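**Student:** Structure file data_16.csv (CSV, C-alpha atoms) right here:
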chain,number,residue,atom,x,y,z
A,1,MET,CA,-11.0,-32.5,3.4
A,2,SER,CA,-12.0,-31.6,-0.2
A,3,GLY,CA,-13.7,-35.0,-0.4
A,4,GLY,CA,-16.0,-34.0,2.5
A,5,TYR,CA,-15.0,-37.0,4.6
A,6,ARG,CA,-16.2,-39.3,1.9
A,7,PHE,CA,-14.7,-41.9,-0.4
A,8,ALA,CA,-15.8,-42.1,-4.0
A,9,ASP,CA,-16.2,-45.9,-4.0
A,10,GLU,CA,-18.6,-45.9,-1.0
A,11,GLY,CA,-21.6,-45.1,-3.2
A,12,GLU,CA,-24.3,-44.0,-0.7
A,13,TRP,CA,-23.4,-42.8,2.8
A,14,PRO,CA,-25.5,-44.9,5.3
A,15,GLY,CA,-25.7,-44.6,9.1
A,16,ALA,CA,-24.2,-41.6,10.6
A,17,LYS,CA,-23.4,-40.1,7.2
A,18,GLU,CA,-27.1,-40.2,6.3
A,19,ALA,CA,-28.0,-37.9,9.1
A,20,PHE,CA,-31.0,-36.2,7.5
A,21,LEU,CA,-33.9,-38.5,6.5
A,22,SER,CA,-36.2,-37.7,3.6
A,23,SER,CA,-38.5,-36.1,6.1
A,24,GLY,CA,-35.8,-33.7,7.1
A,25,SER,CA,-35.5,-34.9,10.7
A,26,LEU,CA,-32.1,-35.5,12.2
A,27,GLU,CA,-31.3,-39.2,12.9
A,28,THR,CA,-27.7,-39.4,13.9
A,29,ILE,CA,-24.6,-37.2,13.8
A,30,PRO,CA,-21.1,-38.1,15.0
A,31,VAL,CA,-20.3,-35.8,18.0
A,32,ALA,CA,-17.9,-35.9,20.9
A,33,LEU,CA,-18.1,-33.5,23.8
A,34,GLU,CA,-15.5,-32.9,26.5
A,35,ILE,CA,-16.1,-30.7,29.6
A,36,GLU,CA,-13.2,-29.7,31.8
A,37,ILE,CA,-14.2,-28.9,35.4
A,38,GLU,CA,-11.6,-27.2,37.6
A,39,GLY,CA,-11.6,-27.1,41.4
A,40,ALA,CA,-9.5,-24.9,43.5
A,41,TYR,CA,-8.9,-24.5,47.2
A,42,ASP,CA,-6.8,-21.7,48.7
A,43,ARG,CA,-5.7,-21.3,52.3
A,44,PHE,CA,-4.0,-18.0,53.3
A,45,TYR,CA,-2.3,-17.2,56.6
A,46,GLU,CA,-2.8,-13.5,57.4
A,47,ARG,CA,-0.8,-11.3,59.6
A,48,GLY,CA,-1.9,-11.5,63.2
A,49,GLY,CA,-2.6,-15.3,63.0
A,50,GLY,CA,-5.8,-15.2,61.0
A,51,VAL,CA,-6.6,-17.8,58.4
A,52,LYS,CA,-8.6,-17.1,55.2
A,53,GLU,CA,-9.9,-19.9,53.0
A,54,ASP,CA,-11.4,-19.8,49.5
A,55,SER,CA,-12.7,-22.5,47.2
A,56,GLU,CA,-14.5,-22.7,43.8
A,57,VAL,CA,-15.5,-25.2,41.2
A,58,LYS,CA,-16.1,-24.0,37.6
A,59,VAL,CA,-16.2,-25.2,34.0
A,60,GLU,CA,-12.8,-24.4,32.6
A,61,GLU,CA,-13.4,-25.5,29.0
A,62,ILE,CA,-15.9,-27.2,26.8
A,63,GLU,CA,-14.5,-28.9,23.7
A,64,VAL,CA,-16.6,-30.1,20.8
A,65,MET,CA,-15.5,-32.6,18.1
A,66,ALA,CA,-17.8,-33.4,15.3
A,67,GLY,CA,-17.4,-34.2,11.6
A,68,GLY,CA,-19.1,-35.9,8.8
A,69,SER,CA,-21.3,-35.7,5.7
A,70,PHE,CA,-25.1,-35.6,5.5
A,71,GLY,CA,-27.6,-37.1,3.1
A,72,ARG,CA,-27.6,-40.0,0.7
A,73,SER,CA,-25.1,-38.2,-1.6
A,74,GLY,CA,-23.0,-36.6,1.2
A,75,ARG,CA,-23.7,-33.2,-0.4
A,76,VAL,CA,-23.1,-31.3,2.8
A,77,SER,CA,-20.2,-31.8,5.3
A,78,LEU,CA,-19.6,-30.3,8.7
A,79,LEU,CA,-16.6,-30.1,10.9
A,80,ALA,CA,-16.4,-28.6,14.4
A,81,LEU,CA,-13.1,-29.2,16.3
A,82,GLY,CA,-12.2,-26.9,19.2
A,83,GLY,CA,-13.5,-25.4,22.4
A,84,VAL,CA,-15.0,-22.6,24.3
A,85,ALA,CA,-13.2,-21.6,27.5
A,86,GLU,CA,-14.4,-19.7,30.6
A,87,LEU,CA,-11.8,-17.2,31.8
A,88,GLU,CA,-11.7,-15.3,35.0
A,89,GLY,CA,-10.9,-11.6,34.9
A,90,ASN,CA,-9.0,-9.5,37.5
A,91,ASP,CA,-12.2,-8.3,39.0
A,92,GLY,CA,-13.3,-11.9,39.7
A,93,SER,CA,-15.9,-11.9,36.9
A,94,THR,CA,-16.0,-14.6,34.3
A,95,ASP,CA,-16.0,-14.4,30.5
A,96,PHE,CA,-16.5,-17.0,27.9
A,97,ARG,CA,-13.8,-17.1,25.3
A,98,GLY,CA,-14.9,-17.5,21.7
A,99,PHE,CA,-14.6,-20.7,19.7
A,100,ASP,CA,-11.0,-21.8,19.4
A,101,GLY,CA,-10.4,-24.2,16.5
A,102,ALA,CA,-12.1,-25.1,13.2
A,103,VAL,CA,-15.8,-24.9,12.5
A,104,PHE,CA,-17.3,-24.8,9.0
A,105,LEU,CA,-19.8,-26.1,6.6
A,106,GLN,CA,-18.9,-27.4,3.1
A,107,LEU,CA,-21.1,-27.9,0.1
A,108,ASN,CA,-19.6,-30.7,-1.9
A,109,ASP,CA,-19.4,-31.7,-5.6
A,110,LEU,CA,-20.4,-28.5,-7.3
A,111,ILE,CA,-19.0,-30.1,-10.5
A,112,GLY,CA,-17.8,-33.6,-11.3
A,113,PRO,CA,-18.8,-37.1,-10.1
A,114,THR,CA,-20.3,-37.6,-6.6
A,115,GLY,CA,-17.7,-38.2,-3.9
A,116,GLU,CA,-14.6,-37.0,-5.7
A,117,GLY,CA,-14.7,-33.4,-4.4
A,118,ARG,CA,-13.5,-31.7,-7.5
A,119,LEU,CA,-15.1,-28.4,-6.6
A,120,ASN,CA,-16.6,-27.5,-3.2
A,121,LEU,CA,-17.7,-24.4,-1.4
A,122,ARG,CA,-16.6,-24.0,2.2
A,123,GLY,CA,-17.4,-21.2,4.8
A,124,GLY,CA,-16.5,-20.7,8.4
A,125,GLN,CA,-13.3,-20.8,10.5
A,126,PHE,CA,-10.4,-22.9,9.4
A,127,GLU,CA,-6.7,-22.9,8.6
A,128,VAL,CA,-5.4,-21.3,5.4
A,129,ALA,CA,-2.2,-23.2,4.5
A,130,LEU,CA,-0.8,-25.9,2.2
A,131,PRO,CA,-2.2,-29.5,2.6
A,132,PHE,CA,1.2,-30.8,3.6
A,133,PHE,CA,2.8,-27.7,5.2
A,134,SER,CA,0.6,-26.1,7.9
A,135,THR,CA,0.5,-25.2,11.5
A,136,ALA,CA,-1.8,-28.1,12.3
A,137,ARG,CA,0.5,-30.8,10.8
A,138,ARG,CA,3.8,-29.8,12.5
A,139,LEU,CA,5.4,-32.4,14.7
A,140,ILE,CA,7.9,-30.0,16.3
A,141,LYS,CA,6.0,-27.9,18.9
A,142,GLN,CA,7.7,-24.6,18.0
A,143,GLY,CA,5.7,-22.8,15.4
A,144,TYR,CA,7.0,-21.8,12.0
A,145,PHE,CA,8.0,-18.2,11.3
A,146,ALA,CA,5.7,-18.5,8.2
A,147,ASP,CA,2.8,-18.6,10.7
A,148,GLY,CA,3.7,-16.4,13.7
A,149,LYS,CA,5.8,-13.7,12.0
A,150,LEU,CA,4.8,-13.6,8.3
A,151,ASN,CA,1.1,-14.7,8.5
A,152,VAL,CA,1.4,-16.6,5.3
A,153,LEU,CA,-0.1,-19.6,7.1
A,154,THR,CA,-3.0,-18.7,9.4
A,155,PRO,CA,-4.9,-21.0,11.8
A,156,GLU,CA,-8.5,-20.2,12.8
A,157,GLN,CA,-9.0,-17.9,9.8
A,158,ARG,CA,-12.5,-16.8,9.0
A,159,ALA,CA,-13.0,-17.3,5.3
A,160,ILE,CA,-15.1,-18.4,2.3
A,161,GLU,CA,-13.4,-20.5,-0.3
A,162,LEU,CA,-13.7,-22.8,-3.3
A,163,ASN,CA,-11.6,-25.9,-3.0
A,164,GLY,CA,-11.1,-29.2,-4.7
A,165,THR,CA,-9.0,-32.2,-5.6
A,166,VAL,CA,-8.3,-34.1,-8.8
A,167,THR,CA,-6.9,-37.4,-7.7
A,168,GLY,CA,-4.5,-39.6,-9.8
A,169,GLU,CA,-4.8,-43.3,-9.9
A,170,GLU,CA,-3.3,-45.2,-7.0
A,171,GLU,CA,0.0,-47.0,-7.6
A,172,THR,CA,0.7,-44.9,-10.7
A,173,ASP,CA,2.7,-41.8,-11.5
A,174,GLU,CA,-0.4,-39.7,-12.1
A,175,LEU,CA,-0.4,-36.5,-10.0
A,176,THR,CA,-3.0,-35.5,-7.5
A,177,HIS,CA,-3.9,-31.8,-7.7
A,178,ARG,CA,-5.3,-29.9,-4.7
A,179,TYR,CA,-6.4,-26.3,-5.0
A,180,SER,CA,-8.3,-23.5,-3.2
A,181,LEU,CA,-9.3,-19.9,-3.9
A,182,GLY,CA,-10.9,-17.8,-1.2
A,183,ILE,CA,-11.4,-14.5,0.6
A,184,SER,CA,-10.5,-14.1,4.3
A,185,ARG,CA,-11.0,-11.8,7.3
A,186,GLU,CA,-7.6,-10.0,7.7
A,187,ASP,CA,-6.2,-8.5,10.9
A,188,ILE,CA,-7.7,-5.0,10.6
A,189,HIS,CA,-9.3,-2.3,12.7
A,190,GLY,CA,-12.1,-1.5,10.2
A,191,ASP,CA,-15.6,-3.0,10.1
A,192,SER,CA,-15.1,-4.7,6.7
A,193,LYS,CA,-15.3,-8.4,7.3
A,194,LEU,CA,-13.4,-9.9,4.3
A,195,ARG,CA,-10.3,-8.0,3.2
A,196,GLY,CA,-7.9,-10.7,1.9
A,197,LEU,CA,-7.6,-12.9,-1.2
A,198,TYR,CA,-5.7,-16.2,-1.2
A,199,LEU,CA,-5.0,-19.1,-3.4
A,200,THR,CA,-3.2,-22.4,-2.9
A,201,TYR,CA,-2.1,-25.1,-5.3
A,202,ALA,CA,-0.3,-28.4,-4.5
A,203,LEU,CA,0.9,-31.4,-6.5
A,204,THR,CA,1.2,-34.8,-4.9
A,205,LEU,CA,2.8,-37.9,-6.4
A,206,ARG,CA,2.1,-41.3,-4.7
A,207,GLU,CA,1.0,-39.4,-1.6
A,208,VAL,CA,4.6,-38.9,-0.5
A,209,TYR,CA,6.1,-36.3,-2.9
A,210,ASN,CA,4.6,-32.9,-2.4
A,211,LEU,CA,5.1,-29.5,-4.1
A,212,GLY,CA,3.0,-26.5,-3.2
A,213,PHE,CA,2.5,-22.8,-3.7
A,214,ILE,CA,0.5,-20.2,-1.6
A,215,TYR,CA,-0.3,-16.6,-2.5
A,216,ARG,CA,-2.2,-14.0,-0.4
A,217,ARG,CA,-3.0,-10.3,-1.0
A,218,GLY,CA,-5.0,-8.0,1.3
A,219,LYS,CA,-5.1,-5.3,4.0
A,220,GLU,CA,-3.9,-5.5,7.6
A,221,LYS,CA,-3.1,-3.3,10.6
A,222,ASN,CA,0.3,-2.5,12.2
A,223,GLY,CA,-0.1,-1.0,15.6
A,224,SER,CA,-2.6,1.9,15.2
A,225,THR,CA,-2.2,2.0,11.4
A,226,ASP,CA,-4.9,0.4,9.3
A,227,ASN,CA,-5.4,-0.6,5.7
A,228,ILE,CA,-1.7,-1.5,5.0
A,229,SER,CA,-1.6,-3.4,1.6
A,230,ASN,CA,0.4,-6.6,1.7
A,231,GLU,CA,1.4,-9.5,-0.4
A,232,ARG,CA,2.4,-12.9,1.0
A,233,PHE,CA,3.5,-15.9,-0.8
A,234,GLY,CA,5.6,-19.1,-0.4
A,235,PHE,CA,6.8,-22.4,-1.9
A,236,ALA,CA,7.3,-25.7,-0.1
A,237,LEU,CA,8.6,-29.1,-1.0
A,238,GLU,CA,8.2,-32.4,0.9
A,239,VAL,CA,10.0,-35.6,-0.2
A,240,PRO,CA,11.1,-38.9,1.5
A,241,VAL,CA,14.9,-39.3,1.9
A,242,GLY,CA,15.6,-42.8,3.0
A,243,PRO,CA,13.9,-43.4,6.3
A,244,ALA,CA,13.2,-39.7,6.8
A,245,PHE,CA,11.0,-37.0,5.4
A,246,LEU,CA,12.6,-33.7,4.3
A,247,THR,CA,10.5,-30.5,4.1
A,248,THR,CA,11.8,-27.2,2.7
A,249,GLY,CA,10.1,-23.9,2.2
A,250,TYR,CA,10.6,-20.3,1.3
A,251,PHE,CA,8.0,-17.6,2.4
A,252,LYS,CA,7.9,-13.8,2.0
A,253,THR,CA,5.7,-11.0,3.2
A,254,GLU,CA,5.8,-7.5,1.5
A,255,ARG,CA,4.0,-4.6,3.0
A,256,ASP,CA,3.6,-1.0,1.9
A,257,GLY,CA,5.6,1.3,4.1
A,258,VAL,CA,6.7,-1.5,6.4
A,259,TYR,CA,9.8,-3.7,6.4
A,260,ASP,CA,9.6,-7.0,4.4
A,261,LEU,CA,10.1,-10.4,5.9
A,262,GLU,CA,11.6,-13.5,4.4
A,263,ASP,CA,11.6,-17.0,5.9
A,264,TYR,CA,13.7,-20.1,4.9
A,265,VAL,CA,12.9,-23.4,6.6
A,266,VAL,CA,14.3,-26.9,6.4
A,267,GLU,CA,12.8,-29.7,8.5
A,268,VAL,CA,13.7,-33.4,8.8
A,269,ILE,CA,11.4,-35.9,10.5
A,270,LEU,CA,12.8,-39.4,11.2
A,271,SER,CA,11.1,-42.4,12.7
A,272,PRO,CA,14.0,-44.7,13.7
A,273,PHE,CA,11.8,-47.1,15.7
A,274,GLU,CA,8.1,-48.0,15.8
A,275,ALA,CA,6.1,-45.4,17.7
A,276,SER,CA,9.1,-43.0,18.0
A,277,VAL,CA,9.7,-39.8,16.1
A,278,VAL,CA,12.8,-37.5,16.0
A,279,GLY,CA,12.8,-34.1,14.3
A,280,ALA,CA,15.1,-31.2,13.6
A,281,ARG,CA,14.3,-27.9,12.0
A,282,TYR,CA,16.3,-24.9,10.7
A,283,ASP,CA,14.1,-21.8,10.4
A,284,ILE,CA,15.7,-18.5,9.7
A,285,LEU,CA,13.9,-15.1,9.4
A,286,LYS,CA,15.3,-12.1,7.5
A,287,GLU,CA,14.0,-8.6,7.9
A,288,SER,CA,14.5,-6.0,5.1
A,289,GLY,CA,17.5,-8.0,3.8
A,290,GLY,CA,19.1,-8.6,7.2
A,291,ASP,CA,18.7,-11.4,9.8
A,292,GLU,CA,16.3,-10.8,12.7
Before we go any further, please render this structure as structure tokens.
**Tutor:**
Amino acid sequence: MSGGYRFADEGEWPGAKEAFLSSGSLETIPVALEIEIEGAYDRFYERGGGVKEDSEVKVEEIEVMAGGSFGRSGRVSLLALGGVAELEGNDGSTDFRGFDGAVFLQLNDLIGPTGEGRLNLRGGQFEVALPFFSTARRLIKQGYFADGKLNVLTPEQRAIELNGTVTGEEETDELTHRYSLGISREDIHGDSKLRGLYLTYALTLREVYNLGFIYRRGKEKNGSTDNISNERFGFALEVPVGPAFLTTGYFKTERDGVYDLEDYVVEVILSPFEASVVGARYDILKESGGDE
């Protein structure tokens, strides 16, 4: 993402990537839209032999998928991936759920050559995680404790960040560096919008060997208690082992006046045949020095 959906050797970005003309009018933008319509028919047999019927048709969910860069230099990138759902309450009324997914704008190439994404500014709603270890990339459906329990990894996080990539030469042993520094909206009762600081750093060799670190500090709520200071951090490693990929990680959350949490995870993903994937995970959570 730090390249803004561009490749450095493309030069200019024609077609859909040059969405805004010199006049400022919008020519093209890559967008996909999915609308889910739900129909229901109910037939109830009442006491005394009566029959009651009810039916309805409603828009259940609207999903938007869009992403790309704009202008001749691709200076601005946009991503919208998620949906808005209509939900029915107990009183029969309907409410529209907020946007569920990622939606953000990114200003590319604040420094460095065009297209390399060495330093960019991003704002909106997105995941805070490591490039190779995140809630979005997991193949096993069960979520990580680092996400659901420790909140070291957070999907759909509202944040503003600086991010970038310094890419090593292909087919060499030069390392690729990926980094981010941002402030995020923590889980709090108060009105302050941005209460957390985070940074991530990852090293990649030949796009298969990955080592990363994430650190977060901020305020949060616990029940009715607000403004609890916390620190969250973690390390992760991903390496190929024969035909499989091995991922290991250690994550910890420390909170003032509340028990600490530690998470150890080992995951193996194997593709024994084409178009088939087998995975296994060992994920253990420890609370205040004891297993949960």
**Student:** For Asp263 in chain A, which residue out of A:Val152, A:Val208, A:Ile111, A:Val277 is the nearest one, using only C-alpha atoms?
**Tutor:** A:Val152
**Student:** Counting all atoms listed in the file, which residue out of A:Gly182, A:Ala40, A:Gln142, A:Ala136 sits closest to Glu53 in chain A?
**Tutor:**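 Closest residue, counting all atoms listed in the file: A:Ala40.
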**Student:** What does the structure give for the distance between CA of Leu121 in chain A and CA of Ile160 in chain A, in Å to one decimal?
**Tutor:**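 CA of Ile160 in chain A lies 7.5 Å from CA of Leu121 in chain A.
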**Student:** Nearest residue to Ser69 in chain A out of A:Ile183, A:Ala102, A:Leu107, A:Ala236, using all atoms listed in the file?
**Tutor:** A:Leu107
**Student:** Between CA of Leu211 in chain A and CA of Val266 in chain A, what is the distance in Å, rounded to a tenth?
**Tutor:** 14.2 Å
**Student:** Please list, as a list of chain:residue names, the residues that have an atom at most 7 Å away from (-7.8, -32.9, -9.3) in the coordinates of this file, counting only C-alpha atoms.
**Tutor:**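 Checking each residue against the 7 Å limit leaves A:Arg118, A:Gly164, A:Thr165, A:Val166, A:Thr167, A:Thr176, A:His177, A:Arg178.
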**Student:** Let's have the selection written as an mmCIF file, in the coordinates of the input, with C-alpha atoms.
**Tutor:**
data_model
loop_
_atom_site.group_PDB
_atom_site.id
_atom_site.type_symbol
_atom_site.label_atom_id
_atom_site.label_comp_id
_atom_site.auth_asym_id
_atom_site.auth_seq_id
_atom_site.Cartn_x
_atom_site.Cartn_y
_atom_site.Cartn_z
ATOM 1 C CA ARG A 118 -13.500 -31.700 -7.500
ATOM 2 C CA GLY A 164 -11.100 -29.200 -4.700
ATOM 3 C CA THR A 165 -9.000 -32.200 -5.600
ATOM 4 C CA VAL A 166 -8.300 -34.100 -8.800
ATOM 5 C CA THR A 167 -6.900 -37.400 -7.700
ATOM 6 C CA THR A 176 -3.000 -35.500 -7.500
ATOM 7 C CA HIS A 177 -3.900 -31.800 -7.700
ATOM 8 C CA ARG A 178 -5.300 -29.900 -4.700
#
**Student:** As JSON, numbers by chain, please: the residues near Phe44 in chain A (cut-off 10 Å, only C-alpha atoms, same-chain neighbours under 4 positions excluded).
**Tutor:** {"A": [50, 51, 52, 53, 54]}
**Student:** What does the distance between CA of Met65 in chain A and CA of Gly83 in chain A come to in Å, to one decimal place?
**Tutor:**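 Result for CA of Met65 in chain A versus CA of Gly83 in chain A: 8.6 Å, one decimal.
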**Student:** Counting only C-alpha atoms, which residue out of A:Arg281, A:Leu150, A:Ala202, A:Leu175 sits closest to Glu220 in chain A?
**Tutor:**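 The answer is A:Leu150, which sits nearest to Glu220 in chain A.
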